[in-house]
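my_file.cif (mmCIF, C-alpha atoms)
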data_entry
#
loop_
_atom_site.label_atom_id
_atom_site.label_comp_id
_atom_site.auth_asym_id
_atom_site.auth_seq_id
_atom_site.Cartn_x
_atom_site.Cartn_y
_atom_site.Cartn_z
CA MET S 235 17.65 -3.73 91.06
CA THR S 236 18.60 -5.76 88.00
CA PRO S 237 16.60 -8.56 86.31
CA GLN S 238 19.12 -11.00 87.78
CA GLN S 239 18.26 -9.89 91.32
CA VAL S 240 14.48 -9.55 91.22
CA LYS S 241 11.58 -11.70 90.06
CA ILE S 242 8.20 -10.05 89.50
CA VAL S 243 4.99 -12.04 89.07
CA CYS S 244 2.01 -9.95 88.05
CA SER S 245 -0.63 -9.68 85.35
CA ASP S 246 1.05 -9.70 81.93
CA SER S 247 -0.31 -6.38 80.65
CA SER S 248 1.21 -3.50 78.69
CA GLU S 249 0.46 -1.13 81.60
CA ASN S 250 2.40 -3.30 84.06
CA ALA S 251 5.26 -3.66 81.59
CA ARG S 252 5.42 0.13 81.31
CA LYS S 253 5.49 0.57 85.09
CA LEU S 254 8.30 -1.97 85.50
CA GLY S 255 10.57 -0.04 83.14
CA GLY S 256 12.21 -3.00 81.44
CA LEU S 257 12.11 -5.56 84.26
CA PRO S 258 10.52 -8.76 82.90
CA ILE S 259 7.18 -10.17 84.07
CA GLU S 260 7.71 -13.78 85.12
CA THR S 261 5.57 -16.74 86.19
CA PRO S 262 5.34 -18.44 89.62
CA SER S 263 7.19 -21.48 88.28
CA ASP S 264 10.24 -19.47 87.12
CA PRO S 265 13.34 -19.83 89.33
CA VAL S 266 13.31 -17.71 92.49
CA LYS S 267 15.77 -14.84 92.90
CA LYS S 268 17.11 -12.76 95.75
CA VAL S 269 13.94 -10.62 95.88
CA ASN S 270 10.61 -11.96 94.61
CA PHE S 271 7.42 -9.91 94.21
CA TYR S 272 4.06 -11.64 93.80
CA THR S 273 0.86 -9.67 93.18
CA SER S 274 -2.66 -11.04 93.71
CA THR S 275 -2.38 -12.96 90.44
CA ALA S 276 -0.38 -15.56 92.41
CA PHE S 277 -2.24 -15.50 95.73
CA GLU S 278 -4.34 -18.60 95.07
CA GLY S 279 -3.47 -21.98 93.56
CA CYS S 280 0.25 -21.28 92.97
CA ASP S 281 2.97 -23.39 94.55
CA ILE S 282 6.25 -21.58 95.18
CA TYR S 283 9.37 -23.47 96.18
CA ASP S 284 12.09 -21.49 97.95
CA GLU S 285 13.85 -23.02 100.94
CA GLN S 286 15.22 -19.63 102.06
CA GLY S 287 12.06 -17.71 101.22
CA ARG S 288 10.71 -15.21 103.74
CA ILE S 289 7.12 -13.97 103.44
CA TYR S 290 6.41 -10.23 103.36
CA ILE S 291 2.82 -9.08 102.82
CA VAL S 292 2.50 -5.41 101.87
CA SER S 293 -0.83 -3.58 102.35
CA ASP S 294 -1.17 0.03 101.21
CA ALA S 295 -4.05 1.94 102.81
CA THR S 296 -4.42 4.06 99.66
CA LYS S 297 -4.97 0.98 97.47
CA ALA S 298 -8.00 -1.03 98.63
CA HIS S 299 -7.06 -4.10 96.58
CA THR S 300 -3.94 -4.60 98.73
CA LEU S 301 -5.90 -4.76 102.01
CA VAL S 302 -6.33 -8.50 102.32
CA ASP S 303 -8.85 -10.15 104.60
CA ILE S 304 -7.03 -11.86 107.48
CA SER S 305 -9.35 -14.86 107.75
CA THR S 306 -9.26 -15.77 104.04
CA LEU S 307 -6.77 -14.28 101.59
CA PHE S 308 -4.08 -13.68 104.23
CA VAL S 309 -4.08 -17.44 104.87
CA GLN S 310 -3.85 -18.14 101.14
CA ILE S 311 -0.83 -15.87 100.74
CA CYS S 312 0.98 -17.37 103.71
CA GLY S 313 0.62 -20.85 102.24
CA ARG S 314 2.13 -20.12 98.84
CA ILE S 315 5.75 -20.99 99.74
CA ARG S 316 5.68 -24.73 100.31
CA ASN S 317 9.15 -25.60 101.60
CA SER S 318 10.68 -22.57 103.32
CA ILE S 319 12.47 -23.00 106.64
CA TYR S 320 10.94 -19.62 107.60
CA ASN S 321 7.31 -20.53 106.95
CA SER S 322 6.35 -19.80 110.54
CA ASP S 323 7.57 -16.17 110.29
CA ILE S 324 5.46 -13.66 108.37
CA THR S 325 6.10 -9.93 108.10
CA HIS S 326 3.04 -7.78 107.35
CA ILE S 327 3.99 -4.26 106.23
CA PHE S 328 0.94 -2.02 106.21
CA SER S 329 -0.38 1.50 106.65
CA THR S 330 -3.65 2.33 108.37
CA THR S 331 -6.66 3.78 106.54
CA ARG S 332 -7.50 6.67 108.89
CA TYR S 333 -11.13 6.14 107.88
CA SER S 334 -13.36 8.88 109.26
CA GLU S 335 -16.97 7.89 108.56
CA ASP S 336 -18.74 7.20 111.83
CA LEU S 337 -20.42 3.89 110.93
CA THR S 338 -20.17 0.51 112.61
CA LEU S 339 -20.04 -2.69 110.59
CA GLU S 340 -23.56 -3.52 111.80
CA GLU S 341 -24.88 -0.13 110.65
CA PHE S 342 -23.19 -0.43 107.26
CA THR S 343 -24.55 -3.97 106.82
CA GLN S 344 -28.07 -2.77 107.59
CA LYS S 345 -27.77 0.10 105.12
CA THR S 346 -26.48 -2.28 102.45
CA LYS S 347 -29.39 -4.66 103.02
CA GLU S 348 -31.86 -1.78 102.69
CA THR S 349 -30.19 -0.69 99.44
CA LEU S 350 -30.35 -4.27 98.16
CA ILE S 351 -34.10 -4.52 98.92
CA LYS S 352 -34.71 -1.30 96.99
CA ALA S 353 -32.58 -2.59 94.09
CA VAL S 354 -34.62 -5.82 93.90
CA LYS S 355 -37.91 -3.88 93.89
CA PHE S 356 -36.60 -1.51 91.20
CA ALA S 357 -35.47 -4.40 88.99
CA ASN S 358 -38.78 -6.26 89.45
CA ASP S 359 -40.79 -3.13 88.55
CA ILE S 360 -38.78 -2.56 85.35
CA ASN S 361 -38.81 -6.24 84.39
CA ALA S 362 -42.63 -6.23 84.73
CA VAL S 363 -42.92 -3.76 81.84
CA PRO S 364 -43.85 -5.44 78.50
CA LEU S 365 -40.79 -6.53 76.53
CA ASP S 366 -41.08 -4.01 73.66
CA SER S 367 -41.50 -1.06 75.99
CA ARG S 368 -38.77 -2.39 78.30
CA GLN S 369 -36.29 -2.70 75.41
CA THR S 370 -37.06 0.88 74.35
CA MET S 371 -36.74 2.11 77.92
CA LEU S 372 -33.41 0.39 78.56
CA SER S 373 -31.95 1.46 75.21
CA LYS S 374 -32.33 5.08 76.29
CA ILE S 375 -30.37 4.54 79.50
CA LYS S 376 -26.72 5.39 78.79
CA TYR S 377 -25.57 4.65 82.32
CA LEU S 378 -27.54 2.81 85.00
CA ASN S 379 -26.76 4.54 88.27
CA GLU S 380 -28.41 1.97 90.52
CA LYS S 381 -26.31 0.08 93.02
CA PHE S 382 -26.06 -3.72 92.60
CA VAL S 383 -28.14 -3.57 89.38
CA ARG S 384 -27.01 -4.15 85.80
CA ILE S 385 -28.70 -4.49 82.41
CA GLU S 386 -28.69 -8.03 81.08
CA ASP S 387 -30.76 -9.78 78.36
CA ASN S 388 -33.23 -6.89 77.90
CA GLY S 389 -33.90 -6.78 81.62
CA LEU S 390 -32.39 -5.80 84.95
CA MET S 391 -30.32 -8.20 87.04
CA VAL S 392 -29.56 -7.71 90.75
CA ASP S 393 -26.18 -9.06 91.82
CA LYS S 394 -26.45 -9.89 95.51
CA ASN S 395 -22.78 -10.91 95.56
CA LEU S 396 -21.86 -7.25 95.05
CA ALA S 397 -23.72 -6.39 98.24
CA ASN S 398 -21.82 -9.07 100.16
CA LEU S 399 -18.56 -7.81 98.65
CA ASP S 400 -19.38 -4.27 99.79
CA ILE S 401 -19.79 -5.50 103.35
CA VAL S 402 -16.53 -7.46 103.25
CA ASN S 403 -14.65 -4.49 101.79
CA PHE S 404 -16.10 -2.20 104.45
CA LYS S 405 -14.92 -4.55 107.17
CA ILE S 406 -11.42 -4.80 105.68
CA THR S 407 -10.93 -1.12 104.88
CA ASN S 408 -12.79 0.56 107.71
CA GLN S 409 -12.35 -1.83 110.61
CA ILE S 410 -9.46 -4.26 110.22
CA TYR S 411 -6.98 -1.74 108.76
CA ARG S 412 -8.30 1.30 110.57
CA THR S 413 -5.62 1.20 113.26
CA VAL S 414 -2.67 -0.95 114.31
CA VAL S 415 -4.72 -2.18 117.27
CA THR S 416 -7.65 -3.44 115.17
CA LEU S 417 -5.36 -5.22 112.72
CA GLU S 418 -3.40 -6.86 115.54
CA LYS S 419 -6.66 -7.99 117.15
CA GLU S 420 -7.90 -9.51 113.88
CA GLN S 421 -4.65 -11.39 113.34
CA LYS S 422 -4.68 -12.79 116.87
CA GLN S 423 -8.31 -13.90 116.49
CA ASN S 424 -7.20 -15.91 113.45
CA GLY S 425 -4.48 -17.74 115.33
CA TYR S 426 -1.40 -15.65 114.57
CA ALA S 427 1.17 -14.77 117.22
CA VAL S 428 1.78 -11.09 116.62
CA GLU S 429 4.74 -8.83 117.38
CA VAL S 430 4.00 -5.23 116.40
CA LYS S 431 6.69 -2.72 115.46
CA THR S 432 5.35 0.72 114.56
CA VAL S 433 7.46 2.93 112.31
CA ARG S 434 6.35 6.46 111.49
CA VAL S 435 7.82 7.58 108.19
CA GLU S 436 6.79 11.11 107.28
CA SER S 437 8.25 12.54 104.11
CA PRO S 438 8.24 16.24 103.18
CA ALA S 439 5.35 15.59 100.77
CA GLU S 440 3.36 13.93 103.56
CA LYS S 441 4.00 16.85 105.90
CA VAL S 442 2.52 19.43 103.56
CA GLU S 443 -0.35 17.14 102.61
CA LEU S 444 -1.31 16.65 106.25
CA ASN S 445 -0.68 20.30 107.11
CA PRO S 446 -0.49 22.80 104.21
CA LYS S 447 1.07 25.32 106.62
CA ALA S 448 3.91 22.99 107.61
CA LYS S 449 7.40 24.44 107.19
CA VAL S 450 9.13 22.38 104.53
CA SER S 451 12.16 23.77 102.72
CA PHE S 452 12.67 23.87 98.97
CA GLN S 453 15.67 21.58 99.42
CA GLU S 454 13.59 18.93 101.23
CA LEU S 455 10.92 18.98 98.53
CA PHE S 456 13.47 18.95 95.71
CA ASP S 457 15.53 16.09 97.17
CA GLU S 458 12.40 13.95 97.63
CA TYR S 459 11.28 14.80 94.10
CA VAL S 460 14.66 13.65 92.77
CA ARG S 461 14.55 10.42 94.79
CA ILE S 462 11.16 9.53 93.36
CA LYS S 463 12.02 10.55 89.80
CA GLU S 464 15.33 8.72 89.71
CA SER S 465 14.34 5.51 91.48
CA ALA S 466 14.24 2.87 88.77
CA PHE S 467 12.52 0.49 91.16
CA MET S 468 11.04 1.36 94.50
CA ILE S 469 9.12 -0.38 97.28
CA SER S 470 6.74 2.17 98.70
CA LEU S 471 3.51 2.22 100.67
CA ASP S 472 2.79 5.58 99.11
CA CYS S 473 1.86 6.26 95.53
CA PRO S 474 4.94 7.93 93.95
CA HIS S 475 2.79 9.76 91.38
CA HIS S 476 0.63 11.19 94.16
CA LYS S 477 3.71 12.40 96.03
CA LEU S 478 5.09 14.06 92.90
CA ALA S 479 1.78 15.85 92.35
CA THR S 480 1.77 17.02 95.98
CA ILE S 481 5.29 18.43 95.68
CA GLU S 482 4.52 20.14 92.36
CA SER S 483 1.38 21.78 93.77
CA THR S 484 3.28 22.92 96.89
CA ASN S 485 6.13 24.54 94.98
CA SER S 486 5.99 24.55 91.18
CA LEU S 487 9.63 25.65 91.01
CA VAL S 488 10.69 22.13 92.04
CA LYS S 489 9.45 20.55 88.81
CA GLU S 490 10.67 23.40 86.62
CA ALA S 491 14.12 23.32 88.19
CA TYR S 492 14.38 19.54 87.86
CA ASP S 493 13.14 19.46 84.26
CA LYS S 494 15.12 22.45 82.95
CA LEU S 495 18.23 22.58 85.12
CA GLY S 496 18.66 19.11 86.53
CA LYS S 497 19.76 17.89 89.94
CA ASP S 498 23.44 18.76 89.68
CA GLU S 499 22.80 22.38 88.66
CA VAL S 500 20.30 22.91 91.48
CA ILE S 501 22.85 21.56 93.96
CA ARG S 502 25.52 23.83 92.47
CA LEU S 503 23.15 26.75 93.04
CA LYS S 504 22.82 25.55 96.66
CA TYR S 505 19.04 25.16 96.33
CA HIS S 506 18.72 28.97 96.45
CA GLN S 507 15.36 29.69 94.84
CA ALA S 508 16.23 33.21 93.68
CA ASN S 509 19.40 31.95 91.99
CA ILE S 510 17.48 29.06 90.45
CA ARG S 511 14.89 31.44 89.00
CA ARG S 512 17.67 33.63 87.61
CA GLU S 513 19.32 30.65 85.99
CA LEU S 514 16.02 29.65 84.42
CA VAL S 515 15.56 33.15 83.01
CA LYS S 516 19.17 33.17 81.80
CA ARG S 517 18.47 30.13 79.67
CA LEU S 518 15.39 31.60 78.01
CA ASP S 519 15.57 32.27 74.28
CA ILE S 520 14.84 36.01 74.60
CA SER S 521 16.85 39.23 74.41
CA THR S 522 19.22 40.20 77.21
CA GLU S 523 17.13 43.29 77.93
CA HIS S 524 14.04 41.15 78.36
CA LYS S 525 15.95 38.84 80.72
CA VAL S 526 17.03 41.82 82.81
CA VAL S 527 13.42 42.97 83.12
CA LYS S 528 12.21 39.49 84.11
CA MET S 529 14.91 39.19 86.76
CA ILE S 530 14.11 42.65 88.12
CA ASN S 531 10.43 41.72 88.37
CA ALA S 532 11.36 38.59 90.30
CA SER S 533 13.86 40.33 92.59
CA PHE S 534 12.08 43.48 93.70
CA GLN S 535 8.84 43.90 95.57
CA TYR S 536 6.55 46.56 94.15
CA HIS S 537 5.16 49.48 96.17
CA THR S 538 7.77 48.93 98.88
CA ALA S 539 10.58 51.25 99.91
CA ILE S 540 13.97 49.67 99.14
CA PRO S 541 17.32 51.24 100.16
CA ASN S 542 19.47 52.42 97.24
CA ALA S 543 22.33 50.20 98.34
CA THR S 544 20.10 47.11 98.21
CA ILE S 545 18.84 48.07 94.75
CA LYS S 546 22.37 48.50 93.42
CA ASP S 547 23.54 45.18 94.93
CA LYS S 548 20.65 43.20 93.44
CA LEU S 549 20.95 44.90 90.05
CA GLN S 550 24.68 44.30 89.91
CA SER S 551 24.06 40.63 90.71
CA ILE S 552 21.58 40.46 87.80
CA TYR S 553 24.04 42.14 85.42
CA ASP S 554 26.83 39.80 86.50
CA THR S 555 24.60 36.75 86.07
CA LEU S 556 23.76 37.74 82.51
CA GLY S 557 27.26 38.87 81.65
CA VAL S 558 26.17 42.50 81.18
CA ARG S 559 29.21 44.78 81.48
CA ARG S 560 27.57 47.57 83.37
CA THR S 561 27.82 49.16 86.78
CA ALA S 562 24.47 49.11 88.53
CA LYS S 563 22.83 52.32 89.68
CA ALA S 564 19.52 52.72 91.52
CA THR S 565 18.27 54.95 88.71
CA ASP S 566 18.52 52.00 86.28
CA LEU S 567 15.08 50.97 87.45
CA ASN S 568 13.66 54.05 85.80
CA TYR S 569 14.45 53.03 82.24
#

Represent the structure of the file as structure tokens.
Amino acid sequence: MTPQQVKIVCSDSSENARKLGGLPIETPSDPVKKVNFYTSTAFEGCDIYDEQGRIYIVSDATKAHTLVDISTLFVQICGRIRNSIYNSDITHIFSTTRYSEDLTLEEFTQKTKETLIKAVKFANDINAVPLDSRQTMLSKIKYLNEKFVRIEDNGLMVDKNLANLDIVNFKITNQIYRTVVTLEKEQKQNGYAVEVKTVRVESPAEKVELNPKAKVSFQELFDEYVRIKESAFMISLDCPHHKLATIESTNSLVKEAYDKLGKDEVIRLKYHQANIRRELVKRLDISTEHKVVKMINASFQYHTAIPNATIKDKLQSIYDTLGVRRTAKATDLNY
């Protein structure tokens, strides 16, 4: 997308500017465009005017800050466009959390309350120490690993709001967004008429992440790697960097081939991994003899009987690749 087609409203930081790759960061009051993205910086107190504006709320299960509470922030987001003819239609694009811990909201709330009581007692005990000794004690603490407690004004302060926030986040992450059914139920309870359409999108990277033994071809991994790398701007419920890391850990040749050969060359080599490895060796800044040895090591399995005809065919292919004017013989492996 071009800057003329898309408007992005987010926090004006150098990190965001880097991620946007040249697309400008705008304000809610700037003119609307064909596609408009608003992050949480515009969820409250901003009036947006767009008569043709349609509301899309995107919640990514892997990013907790995008999982908005239906009874509060969801309502705030829906009310941002003031004059759209489509204000009664809202599309919520989301993925579920697949949370596995076997705790109910009531159990988590009870555990949080118990932790809060312990935090208050801990803070009171420390704050009861004479000031001089307390200052010395706290100065030696590099990191206070006590939930809901922080050091403030030579003493300990318990922030009960953090406990309440923990409970709210647990409800959002582990109940509301746990499944399509729970999210639909929450939306209906808050007065929304809901029509659910479930779409299962499973990329090659997702397949191997969910099942390391899944059969995914080099071509599938490479093509997805290219799509992610060469997408200047992408809407995705998955973290692109995480997908890239998954692909690279599944087959390291994908990254090496993309970085050193490029997409077009890999396609020309028909995604054939042996040919790709040969091409990579061919481009190394080493002697021809050394390249031959490296290709032989990659082409032949040690301690395994190989027919002479197969040896000669593979060796001749290596010689031809490197431009070596020589007729391959099985005995060449002996030198």

Item to complete: Please provide the set of residues having any atom within 10 Å of Ala427 (chain S), restricted to only C-alpha atoms, with same-chain residues fewer than 5 positions apart removed, written as a ChimeraX atom specification.
Response: /S:322-324,418,421-422

Worksheet entry | Residues returned when the PyMOL selection byres ((chain S and resi 501-515) around 9) runs on this file, as a list of chain:residue names | S:Phe452, S:Gln453, S:Phe456, S:Leu487, S:Glu490, S:Ala491, S:Lys494, S:Leu495, S:Gly496, S:Lys497, S:Asp498, S:Glu499, S:Val500, S:Lys516, S:Arg517, S:Leu518, S:Asp519, S:Ile520, S:Lys525, S:Val526, S:Lys528, S:Met529, S:Ala532, S:Ser533, S:Ile552, S:Thr555, S:Leu556

Worksheet entry | Which of S:Ser293, S:Ala564, S:Asn388, S:Ile360 sits closest to Ile540 (chain S) [using all atoms listed in the file] |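 Ranking S:Ser293, S:Ala564, S:Asn388, S:Ile360 by distance to Ile540 (chain S), first place goes to S:Ala564.
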
Worksheet entry | Contacts of region 436-444 of chain S within 6 Å, only C-alpha atoms, excl. fewer than 4 positions in-chain, as number ranges by chain | S: 448, 477, 481

Practice prompt. For Ile385 (chain S), please output as a ChimeraX atom specification all residues within 10 Å (counting all atoms listed in the file; exclusion window: fewer than 3 positions along the same chain).
Written response: /S:357,372-373,375,377-378,388-392

Fill in: Shell of 8 Å around region 256-270 of chain S, all atoms listed in the file, local chain residues under 2 positions omitted, as a PyMOL selection string
chain S and resi 236-246+251-252+254+272+276+280-284

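Applied to this file, the PyMOL selection byres ((chain S and resi 395) around 12) selects S:Thr346, S:Lys347, S:Leu350, S:Lys381, S:Phe382, S:Val383, S:Met391, S:Val392, S:Asp393, S:Lys394, S:Leu396, S:Ala397, S:Asn398, S:Leu399, S:Asp400, S:Ile401, S:Val402.
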
Worksheet item: CA of Arg461 (chain S) to CA of Asn250 (chain S): how many Å, to one decimal?
Response: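 So the answer is 21.2 Å.
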
Discussion item. Could you list, as a list of chain:residue names, every residue matched by the PyMOL selection byres ((chain S and resi 287) around 8) in this structure?
Written reply: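 Taken on the displayed file, the PyMOL selection byres ((chain S and resi 287) around 8) yields the residues S:Asp284, S:Glu285, S:Gln286, S:Arg288, S:Ile289, S:Ile315, S:Ser318, S:Ile319, S:Tyr320, S:Asn321.
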
Item to complete: Could you please determine the separation between CA of Lys253 (chain S) and CA of Thr275 (chain S) in Å, to one decimal place?
Response: 16.5 Å

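You can rank S:Glu348, S:Glu278, S:Glu341, S:Asp387 by their closest distance to Phe404 (chain S) using all atoms listed in the file, and at the top of that list sits S:Glu341.
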